[in-house]
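> Below you will find the structure I want to go over with you.
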Amino acid sequence: MKRIQDAVAAGQKAFGENYVQEAVQKMQELPPLEWHLIGPLQSNKTRIAAERFDWVQTIASEKIARRLSDQRPAGLAPLNVLIQVNASGEASKSGVAPGETQTLAKAVAAMPRLRLRGLMAIPEPGADRSRYQEVKRLYDALKSEFGLDTLSMGMSDDLDLALAEGATMVRVGTAIFGQRRTEKDAA
């Protein structure tokens with residue numbers, strides 16, 4: 001928590017979190033900030049995400065998007081969302097196949113309590129430039145139809161490549177806060 005407080009003191013106002021429950025705990029202990037859910041979202045956590053987050057970057061199904069829209073409180077601005085694209089086709093990664101992105105975008109754009117902002121992708125470690133270029137081409141193809149303004153791709157290890165290929169948002173928690181500790185690490 002101290003590292004986040006230091007980042008806030010240095011002027012950082014937007015933070016991403018992989019896990020809903022961990023984010024809620026931090027939200028309760030910190031001043032109001034902009035919170036992005038950057039990890040997979042299960043159906044049983046959509047209400048909390050809809051009520052507490054400013055952004056959900058991992059929309060991978062119409063079902064999850066519909067639940068978020070239905071559960072977003074009317075008193076809040078529409079929830080900013082990104083469609084997660086599984087550009088590498090990895091079975092271990094969430095996201096829609098590139099060919100399914102436009103169909104999901106049409107459904108999400110029609111939901112009243114969501115604001116479709118763009119796409120998010122996590123190319124596999126060591127991915128070559130073509131994976132990033134594929135996501136950028138998809139983003140460009142959908143940009144005018146849906147008014148997209150955000151391409152979130154790239155993390156601490158690949159941010160230079162992601163930025164070179166058009167990312168407008170990167171996720172660099174490891175570079176700022178260090179490797180995530182697991183229960184196994186703590187034991």
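Labels for the structure tokens follow display order: chains A, B, ..., residues from 1 in each chain, ligands from 1.
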Applying 12 Å and only C-alpha atoms, which residues near Val96 of chain A remain after dropping the ones on its own chain fewer than 3 positions away? List them as a ChimeraX atom specification.
/A:58-62,82-91,93,99-105,119-122,135
> Could you pull out all residues of segment 2-185 of chain A with a DSSP call of strand (DSSP E or B) and give them as a VMD selection string?
chain A and resid 14 to 17 34 to 37 55 to 59 79 to 85 96 114 to 121 150 to 155 169 to 171
> Can you list, as JSON, numbers by chain, every residue of chain A that DSSP puts in helix (DSSP H, G or I)?
{"A": [2, 3, 4, 5, 6, 7, 8, 9, 20, 21, 22, 23, 24, 25, 26, 27, 28, 29, 43, 44, 45, 46, 47, 48, 49, 50, 51, 52, 62, 63, 64, 65, 66, 67, 68, 69, 70, 71, 98, 99, 100, 101, 102, 103, 104, 105, 106, 107, 108, 109, 129, 130, 131, 132, 133, 134, 135, 136, 137, 138, 139, 140, 141, 142, 143, 144, 145, 146, 159, 160, 161, 162, 163, 164, 173, 174, 175, 176, 177, 183, 184, 185, 186]}
> Hey, which of A:Ser94, A:Gln12, A:Asn80, A:Ser130 ends up closest to Leu116 of chain A? Count only C-alpha atoms.
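Nearest to Leu116 of chain A: A:Asn80.
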> With only C-alpha atoms as the counted atoms, please give the residues lying no more than 9 Å from Ser43 of chain A, apart from itself and same-chain residues fewer than 6 positions off, as JSON, numbers by chain.
{"A": [63, 64, 67]}
> Using only N, CA and C atoms, please write the residues we just selected to a file, as a PDB file, in the first residue's frame.

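Result file part.pdb:
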ATOM      1  N   LYS A  63     -22.234 -11.457 -22.486  1.00  0.00           N
ATOM      2  CA  LYS A  63     -22.846 -11.733 -21.184  1.00  0.00           C
ATOM      3  C   LYS A  63     -22.256 -10.846 -20.091  1.00  0.00           C
ATOM      4  N   ILE A  64     -20.934 -10.766 -20.012  1.00  0.00           N
ATOM      5  CA  ILE A  64     -20.285  -9.937 -18.992  1.00  0.00           C
ATOM      6  C   ILE A  64     -20.604  -8.464 -19.227  1.00  0.00           C
ATOM      7  N   ARG A  67     -24.175  -7.724 -18.096  1.00  0.00           N
ATOM      8  CA  ARG A  67     -24.271  -7.673 -16.634  1.00  0.00           C
ATOM      9  C   ARG A  67     -23.711  -6.350 -16.101  1.00  0.00           C
TER      10      ARG A  67
END
